[in-house]
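What follows is a single structure, written as structure tokens, with notes after it.
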Amino acid sequence: MEEFSDKELLEKFRSEETRHYAFNILVRQYQQRVYWHIRRIVIDHDDANDVTQNVFIKVWNALGNFREDSKLFTWLFRIATNESLSFLAQKRKRFFIPLVDVENQLSNSLETDPHYSGNAIELKLQRAVLELPQQQRLVFNMKYYQNMKYEEISDILGITVGALKANYHHAVKKIEKKLKFD
Amino acid sequence: MKKNTSNFNFYSDMDDNSRQASPVNAFRVPENYFEQLEGAILKNIQSLPDFEKSSRHNPFTVPEGYFHDLQHQLTEKISSPAPKVPSGIYGNLSGYRLAAILVSACIMILSIHFYTRETLVEMNAVPVTFTELGNTIYLQDLYEDDLVEALAVQQSVAKTESAETDPYIQYLIENHIELSQIASHL
């Protein structure tokens with residue numbers, strides 16, 4: 001698969017003739033990373049599919065005005081993160097669910113989810129992750145599962161590297177405690 | 001029960017120096033400890049039931065061909081975008097907000113309607129004099145409350161009208177006669 005740099009993609013996108021081509025390349029390059037990032041937040045595949053599509057539609061509408069003050073990937077992930085969190089917030093409002101219970105519901109749905117194939121240990125880990133406060137969960141997902149650098153996460157979430165390290169450390173400690181004593 | 005937290009290598013990006021070089025770390029480890037640690041951990045891990053070797057195995061799955069279909073779906077959507085919501089007073093309102101506004105407006109309109117209706121009913125109430133009451137029903141069949149109400153209405157009419165008032169009512173008022181006294185004599 002041919003890969004383009006951010007600059008090349010943006011140039012092609014800004015041209016009327018090559019806009020669709022550039023967008024297809026962008027989707028092909030980033031769809032999996034964006035999808036898995038969203039999926040780790042919203043858990044359910046159908047929800048992740050909806051959010052992913054919304055993200056790329058937003059990208060299509062906004063890419064022409066992208067100011068290039070960050071990497072394209074960072075910008076994409078920022079949109080994906082915000083859309084995922086908005087989705088969860090809407091889910092709470094729509095069904096009058098208290099803050100904590102959405103994560104409990106997601107956790108309970110894992111066992112019967114046809115698109116989840118984890119073993120008992122992975123299920124336990126995923127449940128422990130879902131019990132983390134929102135910010136810690138985001139940082140943990142990006143650091144542990146996606147192996148992103150703290151500087152990248154800092155650009156996406158707008159949090160300092162020091163705070164991210166603290167978040168990750170606390171998240172790990174809570175998960176360890178959860179896995180040890182459950 | 002074996003502790004299974006060692007399955008997950010949370011600090012894989014930190015080197016040995018980072019782990020050890022804490023300014024307050026007064027502890028020491030045996031020689032070559034970290035070199036043989038990895039092997040010992042893996043041995044423990046592999047002895048656990050149902051554990052897959054990759055510690056970062058992705059347990060989530062997607063339907064077959066999902067990412068291929070996703071691209072096609074996105075291409076279709078951007079080629080035929082959804083019709084824009086007309087701008088103006090309703091343009092920027094979401095469905096839920098619009099519904100909430102309409103419900104609130106209905107409640108307000110109904111409240112105003114019922115309030116003004118009650119007021120009109122009161123205003124249209126015809127004052128009844130004792131004479132009329134006496135002509136239509138037997139006084140002894142009246143409840144005391146009805147007499148009191150009739151008296152109150154008569155009094156309010158008497159205050160506003162400068163014309164002649166019912167002489168019976170006037171008599172009762174001037175002589176401080178309670179209606180209950182009349183009722184007991186009926």
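Naming scheme: A, B, ... for chains in displayed order of the structure tokens; residues 1 onward per chain; ligands 1 onward as shown.
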Enumerate, in order of chain and increasing residue number, the residues of chain A with an atom no farther than 9 Å from chain B, each with its shortest atom pair and distance in Å to one decimal, counting only C-alpha atoms, as JSON lines.
```
{"residue": "A:His20", "atom": "CA", "partner": "B:Thr75", "partner_atom": "CA", "distance": 8.0}
{"residue": "A:Phe23", "atom": "CA", "partner": "B:Thr75", "partner_atom": "CA", "distance": 8.6}
{"residue": "A:Asn24", "atom": "CA", "partner": "B:Gln71", "partner_atom": "CA", "distance": 7.2}
{"residue": "A:Val27", "atom": "CA", "partner": "B:Gln71", "partner_atom": "CA", "distance": 6.7}
{"residue": "A:Arg28", "atom": "CA", "partner": "B:Gln71", "partner_atom": "CA", "distance": 7.3}
{"residue": "A:Gln31", "atom": "CA", "partner": "B:Phe67", "partner_atom": "CA", "distance": 7.5}
{"residue": "A:Gln32", "atom": "CA", "partner": "B:Phe67", "partner_atom": "CA", "distance": 7.3}
{"residue": "A:Trp36", "atom": "CA", "partner": "B:Phe60", "partner_atom": "CA", "distance": 8.8}
{"residue": "A:Arg39", "atom": "CA", "partner": "B:Phe60", "partner_atom": "CA", "distance": 8.3}
{"residue": "A:Arg40", "atom": "CA", "partner": "B:Phe60", "partner_atom": "CA", "distance": 8.6}
{"residue": "A:Ile43", "atom": "CA", "partner": "B:Phe60", "partner_atom": "CA", "distance": 8.4}
{"residue": "A:His45", "atom": "CA", "partner": "B:Val62", "partner_atom": "CA", "distance": 6.9}
{"residue": "A:Asn49", "atom": "CA", "partner": "B:Leu70", "partner_atom": "CA", "distance": 8.2}
{"residue": "A:Gln53", "atom": "CA", "partner": "B:Leu74", "partner_atom": "CA", "distance": 6.7}
{"residue": "A:Phe56", "atom": "CA", "partner": "B:Leu74", "partner_atom": "CA", "distance": 7.5}
{"residue": "A:Ile57", "atom": "CA", "partner": "B:Ile78", "partner_atom": "CA", "distance": 6.9}
{"residue": "A:Trp60", "atom": "CA", "partner": "B:Ile78", "partner_atom": "CA", "distance": 7.4}
{"residue": "A:Asn61", "atom": "CA", "partner": "B:Ile78", "partner_atom": "CA", "distance": 8.9}
{"residue": "A:Pro114", "atom": "CA", "partner": "B:Thr61", "partner_atom": "CA", "distance": 8.4}
{"residue": "A:His115", "atom": "CA", "partner": "B:Thr61", "partner_atom": "CA", "distance": 4.8}
{"residue": "A:Tyr116", "atom": "CA", "partner": "B:Phe60", "partner_atom": "CA", "distance": 4.6}
{"residue": "A:Ser117", "atom": "CA", "partner": "B:Pro59", "partner_atom": "CA", "distance": 5.0}
{"residue": "A:Gly118", "atom": "CA", "partner": "B:Pro59", "partner_atom": "CA", "distance": 4.3}
{"residue": "A:Asn119", "atom": "CA", "partner": "B:Asp50", "partner_atom": "CA", "distance": 6.8}
{"residue": "A:Ala120", "atom": "CA", "partner": "B:Asp50", "partner_atom": "CA", "distance": 7.8}
{"residue": "A:Ile121", "atom": "CA", "partner": "B:Phe51", "partner_atom": "CA", "distance": 7.4}
{"residue": "A:Glu122", "atom": "CA", "partner": "B:Pro59", "partner_atom": "CA", "distance": 7.2}
{"residue": "A:Leu123", "atom": "CA", "partner": "B:Pro59", "partner_atom": "CA", "distance": 8.4}
{"residue": "A:Lys143", "atom": "CA", "partner": "B:Phe10", "partner_atom": "CA", "distance": 8.9}
{"residue": "A:Tyr144", "atom": "CA", "partner": "B:Phe10", "partner_atom": "CA", "distance": 6.6}
{"residue": "A:Tyr145", "atom": "CA", "partner": "B:Arg56", "partner_atom": "CA", "distance": 6.5}
{"residue": "A:Asn147", "atom": "CA", "partner": "B:Asp13", "partner_atom": "CA", "distance": 8.9}
{"residue": "A:Val172", "atom": "CA", "partner": "B:Phe10", "partner_atom": "CA", "distance": 7.0}
{"residue": "A:Ile175", "atom": "CA", "partner": "B:Thr5", "partner_atom": "CA", "distance": 8.4}
{"residue": "A:Glu176", "atom": "CA", "partner": "B:Thr5", "partner_atom": "CA", "distance": 5.7}
{"residue": "A:Lys177", "atom": "CA", "partner": "B:Thr5", "partner_atom": "CA", "distance": 8.6}
{"residue": "A:Leu179", "atom": "CA", "partner": "B:Thr5", "partner_atom": "CA", "distance": 6.3}
{"residue": "A:Lys180", "atom": "CA", "partner": "B:Lys3", "partner_atom": "CA", "distance": 5.7}
{"residue": "A:Phe181", "atom": "CA", "partner": "B:Lys3", "partner_atom": "CA", "distance": 8.6}
```
Using only C-alpha atoms, which protein or nucleic acid residues come within 8 Å of Thr74 (chain A)? Drop anything in the same chain fewer than 4 positions from it, and give the result as a PyMOL selection string. chain A and resi 70+78+152+155-156
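Closest approach to Glu131 (chain A) from the set A:Ile79, A:Ala62, A:Ile41, A:Ile25 is made by A:Ile41, with distances taken over only C-alpha atoms.
The interatomic distance for the pair CA of Met108 (chain B) and CA of Gly95 (chain B) works out to 20.1 Å.
Here CA of Glu11 (chain A) and CA of Tyr150 (chain A) stand 29.1 Å from one another.
Atom to atom, CA of Glu17 (chain A) and CA of Thr52 (chain A) stand 25.3 Å apart.
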Which residues, written as a ChimeraX atom specification, have at least one atom at most 12 Å from Leu9 (chain A), with only C-alpha atoms counted and residues fewer than 3 positions away on the same chain left out? /A:2-6,12-15,18-27,29,63-64,66,68,71-73
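Comparing A:Lys149, A:Arg33, A:Lys93, A:Lys124 by their smallest distance to Thr81 (chain A), the closest is A:Arg33 (using only C-alpha atoms).
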